[in-house]
Amino acid sequence: MTRRAALLLAALLTGLAGAYTVKPGDTLYSIARTYRTTVAELQRLNGLSGTAISVGQELKVGSGAASAPVPAPAPAPGSTTTPPSATSKPGLPPPLPAEQLVPTDATARIAGVEISVPASLRMGEAFTVRLGGARAGQATVRFPSEVGEDVREPNEVLRPTGAAGAYRVLGRVVLGKTTPLVYEVSVGTDLVRGRIPVTGLDQPIQHLNLPPRISNVLVDPGRKAEEAAVEKAYARRTPQAWTQPFAPALRGVAPVSSSFGQPRTYTAGGPVAYHFGADYPAPTGTPVLAVNDGTVVFAARVPVRGNLVIIDHGVGVSSLYFHQSKLLVTAGQRVTRGQPVGEVGATGLADGAHLHLEIRVRGEGTNPTGWMGRLWPR
């Protein structure tokens, strides 16, 4: 065999084995979406114990046609002045076939399970699927309409939290989604599928045009490690840690009314991205309080988010506190609702002192105001 033929054979074998070289900006989640697989499968194939990867690393991504990445569409003219949609990123798999998203007959029931969901939703909203009855604890819930959307762990099999015939599963509506949300509840072979209409936020694009002294953090070499750290936090699935309603992170301070979900550009001509949290303007040094009980899983200075604290509250819920001037907790520390975790500041991508608060459900941003004063969102 000639050297050229051997190289060609090696290249073909590599392609069949489904190899991928990690590029700048990649995460295990983005690679999983591109190759129509799951983070867990990538971890299994590559012997990974976590989600950290490095540029240049070779990853096995599977074999066969299913491992081929989805071609990226050409960017649309004027795309930097149009809000991003939940399906606008290249590399996303197609949605499930229509027949897998059709609601079951209105008379369909699962014996021993009562299902209650909101009548309508808004994009960026967290919500609760309530399950009652003797078999409610045996049910599983999925959201098949997430397949094909820019969402972490789409259509994940979720087990309810609760006891004594009263159970709940948290849902999320990804920013950019205005198509109906489809849910499935099943026990064994019994299944009920329903559809909830979703409306948009209809917010204008905000052009911040931040000066280079602030916006340069967007290209900071440390940003890749920052993103890996938050993705690791989003991937946690621990038991529910809270037993009281969620409380404000700042006492007596209301958020900027349009801040959550607003499409923004940070630099002139830059891409449009949704704002995944709510901004609370306050003087530097104002105490920042944990919104509920949980475990601190990250507390450090990073380029974009500045002095950042992440608290894991269990069942895929995490709260994030950006731009602080001082951190008062450390990773691994248990905190209680209302406990100071830091102080308001203007570190990272911030032009003025404020707290940027995020409450995420399985990694997706939800409107923090929908949690305040509630044990569960509606």
# chains A, B, ... in the order shown; residues from 1 in each chain; ligands from 1
$ closest_atom_pairs --of "range 98-156 of chain A" --to "range 164-168 of chain A" --cutoff "8 Å" --atoms "only C-alpha atoms" --output "JSON lines"
{"residue": "A:Thr128", "atom": "CA", "partner": "A:Arg168", "partner_atom": "CA", "distance": 6.3}
{"residue": "A:Val129", "atom": "CA", "partner": "A:Arg168", "partner_atom": "CA", "distance": 5.6}
{"residue": "A:Arg130", "atom": "CA", "partner": "A:Arg168", "partner_atom": "CA", "distance": 4.7}
{"residue": "A:Leu131", "atom": "CA", "partner": "A:Tyr167", "partner_atom": "CA", "distance": 5.0}
{"residue": "A:Gly132", "atom": "CA", "partner": "A:Ala166", "partner_atom": "CA", "distance": 4.8}
{"residue": "A:Gly133", "atom": "CA", "partner": "A:Gly165", "partner_atom": "CA", "distance": 4.9}
{"residue": "A:Ala134", "atom": "CA", "partner": "A:Gly165", "partner_atom": "CA", "distance": 5.6}
{"residue": "A:Arg135", "atom": "CA", "partner": "A:Gly165", "partner_atom": "CA", "distance": 7.4}
{"residue": "A:Ala136", "atom": "CA", "partner": "A:Gly165", "partner_atom": "CA", "distance": 6.0}
{"residue": "A:Gly137", "atom": "CA", "partner": "A:Tyr167", "partner_atom": "CA", "distance": 6.6}
$ write_last_selection --atoms "C-alpha atoms" --output "compact mmCIF listing (two decimals), in the first residue's frame"
# COMPACT_ATOMS: atom_id res chain seq x y z
CA THR A 128 -44.50 23.84 37.00
CA VAL A 129 -46.11 20.63 35.82
CA ARG A 130 -48.15 19.50 38.84
CA LEU A 131 -48.90 15.82 39.29
CA GLY A 132 -51.35 14.41 41.82
CA GLY A 133 -52.74 10.99 42.63
CA ALA A 134 -51.61 7.62 43.88
CA ARG A 135 -49.25 6.96 40.92
CA ALA A 136 -47.90 10.49 40.50
CA GLY A 137 -44.54 9.55 42.02
$ select_by_dssp --residues "range 49-289 of chain A" --states "strand (DSSP E or B)" --output "ChimeraX atom specification"
/A:58-60,110,113-116,121-122,126-132,140-142,158,161-163,166-172,181-187,190-196,198-199,206-207,246,263-265,273-274,278-281,287-289
$ closest_atom_pairs --of "range 170-248 of chain A" --to "range 343-363 of chain A" --cutoff "7 Å" --atoms "only C-alpha atoms" --output "tab-separated table"
residue	atom	partner	partner_atom	distance
A:Arg172	CA	A:Val361	CA	6.5
A:Ile214	CA	A:Leu349	CA	5.8
A:Ser215	CA	A:Leu349	CA	6.4
A:Val217	CA	A:Leu349	CA	6.6
A:Tyr234	CA	A:Gly363	CA	4.5
A:Ala235	CA	A:Arg362	CA	6.8
$ closest_residue --among "A:Pro90, A:Val113, A:Pro248, A:Pro197" --to "Arg374 in chain A" --atoms "only C-alpha atoms"
A:Pro248
$ closest_residue --among "A:Asn155, A:Thr189, A:Thr295, A:Gln240" --to "Thr330 in chain A" --atoms "only C-alpha atoms"
A:Thr295
$ closest_residue --among "A:Ala86, A:Ile205, A:Leu375, A:Leu45" --to "Val291 in chain A" --atoms "only C-alpha atoms"
A:Leu375
$ residues_around --residues "range 272-282 of chain A" --least-positions-apart "2" --cutoff "8 Å" --atoms "only C-alpha atoms" --output "PDB file with N, CA, C and O atoms, in the first residue's frame"
ATOM      1  N   THR A  80     -27.665  40.939  12.378  1.00  0.00           N
ATOM      2  CA  THR A  80     -27.241  41.583  13.617  1.00  0.00           C
ATOM      3  C   THR A  80     -28.272  42.559  14.140  1.00  0.00           C
ATOM      4  O   THR A  80     -28.107  43.118  15.203  1.00  0.00           O
ATOM      5  N   THR A  81     -29.372  42.779  13.401  1.00  0.00           N
ATOM      6  CA  THR A  81     -30.419  43.666  13.909  1.00  0.00           C
ATOM      7  C   THR A  81     -31.728  42.914  14.139  1.00  0.00           C
ATOM      8  O   THR A  81     -32.770  43.509  14.292  1.00  0.00           O
ATOM      9  N   THR A  82     -31.652  41.584  14.119  1.00  0.00           N
ATOM     10  CA  THR A  82     -32.828  40.763  14.372  1.00  0.00           C
ATOM     11  C   THR A  82     -32.601  39.955  15.637  1.00  0.00           C
ATOM     12  O   THR A  82     -31.563  39.325  15.772  1.00  0.00           O
ATOM     13  N   PRO A  83     -33.567  39.940  16.579  1.00  0.00           N
ATOM     14  CA  PRO A  83     -33.373  39.145  17.788  1.00  0.00           C
ATOM     15  C   PRO A  83     -33.123  37.683  17.439  1.00  0.00           C
ATOM     16  O   PRO A  83     -33.723  37.139  16.516  1.00  0.00           O
ATOM     17  N   PRO A  84     -32.208  37.028  18.168  1.00  0.00           N
ATOM     18  CA  PRO A  84     -31.948  35.614  17.891  1.00  0.00           C
ATOM     19  C   PRO A  84     -33.164  34.769  18.240  1.00  0.00           C
ATOM     20  O   PRO A  84     -33.955  35.134  19.092  1.00  0.00           O
ATOM     21  N   LEU A 175     -35.548  31.382  25.819  1.00  0.00           N
ATOM     22  CA  LEU A 175     -35.683  32.682  25.162  1.00  0.00           C
ATOM     23  C   LEU A 175     -35.551  32.507  23.651  1.00  0.00           C
ATOM     24  O   LEU A 175     -34.649  31.834  23.163  1.00  0.00           O
ATOM     25  N   ILE A 205     -34.537  45.921  20.451  1.00  0.00           N
ATOM     26  CA  ILE A 205     -33.110  45.662  20.624  1.00  0.00           C
ATOM     27  C   ILE A 205     -32.447  46.871  21.283  1.00  0.00           C
ATOM     28  O   ILE A 205     -32.678  48.011  20.882  1.00  0.00           O
ATOM     29  N   LEU A 250     -31.592  41.546  46.585  1.00  0.00           N
ATOM     30  CA  LEU A 250     -31.307  42.865  47.150  1.00  0.00           C
ATOM     31  C   LEU A 250     -32.556  43.355  47.874  1.00  0.00           C
ATOM     32  O   LEU A 250     -33.658  43.305  47.314  1.00  0.00           O
ATOM     33  N   VAL A 253     -34.849  46.790  46.396  1.00  0.00           N
ATOM     34  CA  VAL A 253     -34.401  47.243  45.068  1.00  0.00           C
ATOM     35  C   VAL A 253     -35.158  46.458  44.006  1.00  0.00           C
ATOM     36  O   VAL A 253     -35.143  45.228  44.001  1.00  0.00           O
ATOM     37  N   ALA A 254     -35.826  47.161  43.115  1.00  0.00           N
ATOM     38  CA  ALA A 254     -36.559  46.519  42.024  1.00  0.00           C
ATOM     39  C   ALA A 254     -35.655  46.408  40.793  1.00  0.00           C
ATOM     40  O   ALA A 254     -34.787  47.257  40.571  1.00  0.00           O
ATOM     41  N   PRO A 255     -35.880  45.372  39.978  1.00  0.00           N
ATOM     42  CA  PRO A 255     -35.071  45.258  38.762  1.00  0.00           C
ATOM     43  C   PRO A 255     -35.501  46.263  37.706  1.00  0.00           C
ATOM     44  O   PRO A 255     -36.620  46.772  37.738  1.00  0.00           O
ATOM     45  N   VAL A 256     -34.608  46.547  36.766  1.00  0.00           N
ATOM     46  CA  VAL A 256     -34.975  47.334  35.594  1.00  0.00           C
ATOM     47  C   VAL A 256     -36.049  46.554  34.850  1.00  0.00           C
ATOM     48  O   VAL A 256     -35.874  45.369  34.529  1.00  0.00           O
ATOM     49  N   SER A 259     -35.203  44.531  31.643  1.00  0.00           N
ATOM     50  CA  SER A 259     -33.863  43.945  31.525  1.00  0.00           C
ATOM     51  C   SER A 259     -33.880  42.470  31.172  1.00  0.00           C
ATOM     52  O   SER A 259     -33.074  42.009  30.356  1.00  0.00           O
ATOM     53  N   PHE A 260     -34.789  41.674  31.747  1.00  0.00           N
ATOM     54  CA  PHE A 260     -34.768  40.250  31.430  1.00  0.00           C
ATOM     55  C   PHE A 260     -35.293  40.002  30.016  1.00  0.00           C
ATOM     56  O   PHE A 260     -36.341  40.502  29.617  1.00  0.00           O
ATOM     57  N   GLY A 261     -34.544  39.178  29.288  1.00  0.00           N
ATOM     58  CA  GLY A 261     -34.973  38.752  27.965  1.00  0.00           C
ATOM     59  C   GLY A 261     -34.794  39.773  26.868  1.00  0.00           C
ATOM     60  O   GLY A 261     -35.155  39.525  25.718  1.00  0.00           O
ATOM     61  N   GLN A 262     -34.213  40.915  27.173  1.00  0.00           N
ATOM     62  CA  GLN A 262     -34.067  41.951  26.154  1.00  0.00           C
ATOM     63  C   GLN A 262     -32.953  41.589  25.177  1.00  0.00           C
ATOM     64  O   GLN A 262     -31.859  41.221  25.587  1.00  0.00           O
ATOM     65  N   PRO A 263     -33.208  41.668  23.874  1.00  0.00           N
ATOM     66  CA  PRO A 263     -32.120  41.456  22.915  1.00  0.00           C
ATOM     67  C   PRO A 263     -31.175  42.653  22.933  1.00  0.00           C
ATOM     68  O   PRO A 263     -31.616  43.806  22.921  1.00  0.00           O
ATOM     69  N   ARG A 264     -29.878  42.383  22.980  1.00  0.00           N
ATOM     70  CA  ARG A 264     -28.887  43.457  23.114  1.00  0.00           C
ATOM     71  C   ARG A 264     -27.701  43.236  22.190  1.00  0.00           C
ATOM     72  O   ARG A 264     -27.357  42.106  21.846  1.00  0.00           O
ATOM     73  N   THR A 265     -27.061  44.345  21.816  1.00  0.00           N
ATOM     74  CA  THR A 265     -25.710  44.296  21.281  1.00  0.00           C
ATOM     75  C   THR A 265     -24.822  45.037  22.276  1.00  0.00           C
ATOM     76  O   THR A 265     -25.231  46.043  22.847  1.00  0.00           O
ATOM     77  N   GLY A 270     -22.000  44.552  16.727  1.00  0.00           N
ATOM     78  CA  GLY A 270     -21.840  43.222  17.303  1.00  0.00           C
ATOM     79  C   GLY A 270     -23.101  42.395  17.191  1.00  0.00           C
ATOM     80  O   GLY A 270     -24.174  42.896  16.837  1.00  0.00           O
ATOM     81  N   THR A 284     -22.399  50.474  45.005  1.00  0.00           N
ATOM     82  CA  THR A 284     -21.330  49.528  45.316  1.00  0.00           C
ATOM     83  C   THR A 284     -21.301  49.261  46.818  1.00  0.00           C
ATOM     84  O   THR A 284     -21.410  50.175  47.627  1.00  0.00           O
ATOM     85  N   THR A 286     -23.568  47.322  48.378  1.00  0.00           N
ATOM     86  CA  THR A 286     -24.873  46.846  48.838  1.00  0.00           C
ATOM     87  C   THR A 286     -24.827  45.325  48.999  1.00  0.00           C
ATOM     88  O   THR A 286     -24.364  44.623  48.097  1.00  0.00           O
ATOM     89  N   VAL A 344     -22.609  44.311  45.862  1.00  0.00           N
ATOM     90  CA  VAL A 344     -22.804  44.879  44.528  1.00  0.00           C
ATOM     91  C   VAL A 344     -21.534  45.577  44.051  1.00  0.00           C
ATOM     92  O   VAL A 344     -20.816  46.222  44.830  1.00  0.00           O
ATOM     93  N   ALA A 353     -22.431  50.261  38.714  1.00  0.00           N
ATOM     94  CA  ALA A 353     -22.704  49.296  39.781  1.00  0.00           C
ATOM     95  C   ALA A 353     -24.129  48.749  39.678  1.00  0.00           C
ATOM     96  O   ALA A 353     -25.094  49.518  39.611  1.00  0.00           O
ATOM     97  N   HIS A 354     -24.247  47.437  39.654  1.00  0.00           N
ATOM     98  CA  HIS A 354     -25.555  46.778  39.671  1.00  0.00           C
ATOM     99  C   HIS A 354     -25.347  45.293  39.912  1.00  0.00           C
ATOM    100  O   HIS A 354     -24.242  44.768  39.749  1.00  0.00           O
ATOM    101  N   LEU A 355     -26.415  44.606  40.300  1.00  0.00           N
ATOM    102  CA  LEU A 355     -26.408  43.152  40.382  1.00  0.00           C
ATOM    103  C   LEU A 355     -27.139  42.599  39.174  1.00  0.00           C
ATOM    104  O   LEU A 355     -28.277  42.986  38.903  1.00  0.00           O
ATOM    105  N   HIS A 356     -26.490  41.712  38.467  1.00  0.00           N
ATOM    106  CA  HIS A 356     -27.152  40.928  37.419  1.00  0.00           C
ATOM    107  C   HIS A 356     -27.476  39.575  38.044  1.00  0.00           C
ATOM    108  O   HIS A 356     -26.580  38.816  38.417  1.00  0.00           O
ATOM    109  N   LEU A 357     -28.771  39.273  38.178  1.00  0.00           N
ATOM    110  CA  LEU A 357     -29.217  38.025  38.801  1.00  0.00           C
ATOM    111  C   LEU A 357     -29.822  37.108  37.747  1.00  0.00           C
ATOM    112  O   LEU A 357     -30.669  37.533  36.964  1.00  0.00           O
ATOM    113  N   GLU A 358     -29.390  35.855  37.759  1.00  0.00           N
ATOM    114  CA  GLU A 358     -29.987  34.849  36.894  1.00  0.00           C
ATOM    115  C   GLU A 358     -30.519  33.701  37.743  1.00  0.00           C
ATOM    116  O   GLU A 358     -29.889  33.320  38.732  1.00  0.00           O
ATOM    117  N   ILE A 359     -31.673  33.165  37.352  1.00  0.00           N
ATOM    118  CA  ILE A 359     -32.165  31.914  37.921  1.00  0.00           C
ATOM    119  C   ILE A 359     -32.403  30.968  36.754  1.00  0.00           C
ATOM    120  O   ILE A 359     -33.238  31.236  35.885  1.00  0.00           O
ATOM    121  N   GLY A 365     -31.943  30.274  31.077  1.00  0.00           N
ATOM    122  CA  GLY A 365     -32.330  31.463  31.815  1.00  0.00           C
ATOM    123  C   GLY A 365     -33.836  31.611  31.932  1.00  0.00           C
ATOM    124  O   GLY A 365     -34.549  31.498  30.937  1.00  0.00           O
ATOM    125  N   THR A 366     -34.322  31.858  33.141  1.00  0.00           N
ATOM    126  CA  THR A 366     -35.741  32.110  33.376  1.00  0.00           C
ATOM    127  C   THR A 366     -35.878  33.438  34.111  1.00  0.00           C
ATOM    128  O   THR A 366     -34.953  33.877  34.800  1.00  0.00           O
ATOM    129  N   ASN A 367     -37.039  34.069  33.997  1.00  0.00           N
ATOM    130  CA  ASN A 367     -37.228  35.398  34.571  1.00  0.00           C
ATOM    131  C   ASN A 367     -37.219  35.329  36.100  1.00  0.00           C
ATOM    132  O   ASN A 367     -38.090  34.690  36.701  1.00  0.00           O
ATOM    133  N   PRO A 368     -36.233  35.968  36.759  1.00  0.00           N
ATOM    134  CA  PRO A 368     -36.166  35.880  38.227  1.00  0.00           C
ATOM    135  C   PRO A 368     -37.421  36.382  38.927  1.00  0.00           C
ATOM    136  O   PRO A 368     -37.765  35.888  40.008  1.00  0.00           O
TER     137      PRO A 368
END
$ atom_distance --atom1 "CA of Gly222 in chain A" --atom2 "CA of Val304 in chain A"
9.1 Å
$ closest_residue --among "A:Val151, A:Ala249, A:Ile115, A:Ala241" --to "Leu191 in chain A" --atoms "only C-alpha atoms"
A:Ile115
$ residues_around --residues "Arg237 in chain A" --least-positions-apart "3" --cutoff "9 Å" --atoms "only C-alpha atoms" --output "ChimeraX atom specification"
/A:234,312,314-317,362
$ atom_distance --atom1 "CA of Glu156 in chain A" --atom2 "CA of Leu48 in chain A"
20.2 Å
$ closest_residue --among "A:Ile196, A:Leu327, A:Ala108, A:Leu96" --to "Arg301 in chain A" --atoms "only C-alpha atoms"
A:Leu327
